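K.L.:
Below is the file query_22.txt, which contains compact mmCIF, C-alpha atoms.
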# COMPACT_ATOMS: atom_id res chain seq x y z
CA MET H 1 1.18 148.69 -18.55
CA ALA H 2 3.30 148.95 -21.68
CA THR H 3 4.58 152.31 -22.95
CA PRO H 4 1.95 152.80 -25.72
CA VAL H 5 -0.89 152.04 -23.30
CA ALA H 6 0.58 154.21 -20.53
CA ALA H 7 1.07 157.10 -22.96
CA ALA H 8 -2.53 156.83 -24.15
CA TYR H 9 -3.70 156.60 -20.52
CA LEU H 10 -2.04 159.96 -19.75
CA GLY H 11 -2.91 161.45 -23.13
CA VAL H 12 0.70 162.10 -24.15
CA SER H 13 3.01 160.72 -26.81
CA GLU H 14 5.33 157.83 -26.05
CA SER H 15 8.37 160.09 -26.39
CA THR H 16 6.87 162.57 -23.90
CA LEU H 17 6.13 159.76 -21.48
CA ARG H 18 9.77 158.68 -21.58
CA THR H 19 10.91 162.21 -20.62
CA LEU H 20 8.72 162.33 -17.49
CA ASP H 21 11.23 160.41 -15.35
CA LEU H 22 8.56 158.09 -14.01
CA PRO H 23 9.65 154.78 -12.49
CA ARG H 24 9.23 151.80 -14.76
CA ARG H 25 10.14 148.14 -14.89
CA ILE H 26 11.59 146.25 -17.81
CA LEU H 27 10.21 142.85 -18.74
CA GLY H 28 11.47 141.14 -21.88
CA GLY H 29 12.59 144.45 -23.38
CA LYS H 30 9.27 146.20 -22.69
CA ARG H 31 9.04 149.21 -20.40
CA LEU H 32 6.14 148.76 -18.00
CA TYR H 33 4.51 151.55 -16.00
CA ASP H 34 2.39 151.11 -12.90
CA ARG H 35 -1.12 152.57 -13.20
CA HIS H 36 -1.00 153.88 -9.63
CA THR H 37 2.22 155.77 -10.39
CA LEU H 38 0.61 157.29 -13.48
CA ASP H 39 -2.45 158.29 -11.44
CA GLU H 40 -0.23 159.90 -8.77
CA TYR H 41 1.63 161.83 -11.45
CA ALA H 42 -1.59 163.05 -13.06
CA ASP H 43 -3.03 164.03 -9.66
CA SER H 44 0.09 166.12 -8.95
CA LEU H 45 -0.45 168.32 -12.02
CA THR H 46 -1.96 171.78 -11.65
CA VAL H 47 -5.66 171.86 -12.49
CA GLU H 48 -6.46 174.20 -15.36
CA GLY H 49 -7.92 177.45 -14.05
CA GLN H 50 -6.39 177.07 -10.59
CA HIS H 51 -3.28 178.85 -9.44
CA GLU H 52 -0.63 177.01 -7.45
CA GLN H 53 -0.73 179.56 -4.62
CA SER H 54 -3.99 179.49 -2.74
CA GLY H 55 -5.84 182.73 -2.29
CA MET H 56 -4.20 184.49 -5.23
CA ASN H 57 -6.55 186.55 -7.39
CA THR H 58 -5.74 185.30 -10.87
CA CYS H 59 -8.30 187.59 -12.54
CA ARG H 60 -6.30 190.67 -11.52
CA GLY H 61 -3.25 189.23 -13.24
CA LYS H 62 -5.18 188.59 -16.43
CA PHE H 63 -7.32 191.70 -16.63
CA GLY H 64 -5.49 194.28 -14.52
CA ARG H 65 -6.96 196.45 -11.80
CA ARG H 66 -10.46 197.74 -12.05
CA ALA H 67 -10.69 201.49 -12.64
CA SER H 68 -11.88 203.44 -9.58
Please lay out the structure from this file as structure tokens.

P.N.:
Amino acid sequence: MATPVAAAYLGVSESTLRTLDLPRRILGGKRLYDRHTLDEYADSLTVEGQHEQSGMNTCRGKFGRRAS
């Protein structure tokens, strides 16, 4: 898909998309992105509210220790 469509698909600007270092093909001067590559990139992002390290108590980091 063309850059404007790929950017909209990911919900980012075209300039941000170009900085993501995703593989693309060039056809007639147009940069084309593969939908599967975009999906893989999106799937690799951290989900909001989840910490990268499993089992970590993120509430303690946000609110501190509970008073005894």

K.L.:
How many Å separate atom CA of Ser44 of chain H from atom CA of Val5 of chain H?

P.N.:
20.1 Å

K.L.:
Out of H:Ala2, H:Leu10, H:Ala42, H:Leu17, which residue has the shortest atom-to-atom distance to Gly29 of chain H when counting all atoms listed in the file?

P.N.:
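Ranking H:Ala2, H:Leu10, H:Ala42, H:Leu17 by distance to Gly29 of chain H, first place goes to H:Ala2.
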
K.L.:
What's the separation between atom CA of Thr37 of chain H and atom CA of Met1 of chain H, in Å to one decimal place?

P.N.:
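Interatomic distance here is 10.9 Å.
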
K.L.:
Just give me the gap between atom CA of Asp21 of chain H and atom CA of Gly49 of chain H in Å, one decimal is fine.

P.N.:
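Going from atom CA of Asp21 of chain H over to atom CA of Gly49 of chain H, I get 25.7 Å.
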
K.L.:
Can you tell me, as a short mmCIF file (atom, residue, chain, number, x, y, z; two decimals) with C-alpha atoms, in the frame of the given file, what residues are no more than 9 Å from Ala6 of chain H when counting all atoms listed in the file, ignoring any on the same chain fewer than 2 positions away?

P.N.:
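Written output follows (result-v1.cif):
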data_model
loop_
_atom_site.label_atom_id
_atom_site.label_comp_id
_atom_site.auth_asym_id
_atom_site.auth_seq_id
_atom_site.Cartn_x
_atom_site.Cartn_y
_atom_site.Cartn_z
CA MET H 1 1.18 148.69 -18.55
CA ALA H 2 3.30 148.95 -21.68
CA THR H 3 4.58 152.31 -22.95
CA PRO H 4 1.95 152.80 -25.72
CA ALA H 8 -2.53 156.83 -24.15
CA TYR H 9 -3.70 156.60 -20.52
CA LEU H 10 -2.04 159.96 -19.75
CA GLY H 11 -2.91 161.45 -23.13
CA VAL H 12 0.70 162.10 -24.15
CA GLU H 14 5.33 157.83 -26.05
CA LEU H 17 6.13 159.76 -21.48
CA LEU H 32 6.14 148.76 -18.00
CA TYR H 33 4.51 151.55 -16.00
CA ASP H 34 2.39 151.11 -12.90
CA ARG H 35 -1.12 152.57 -13.20
CA LEU H 38 0.61 157.29 -13.48
#
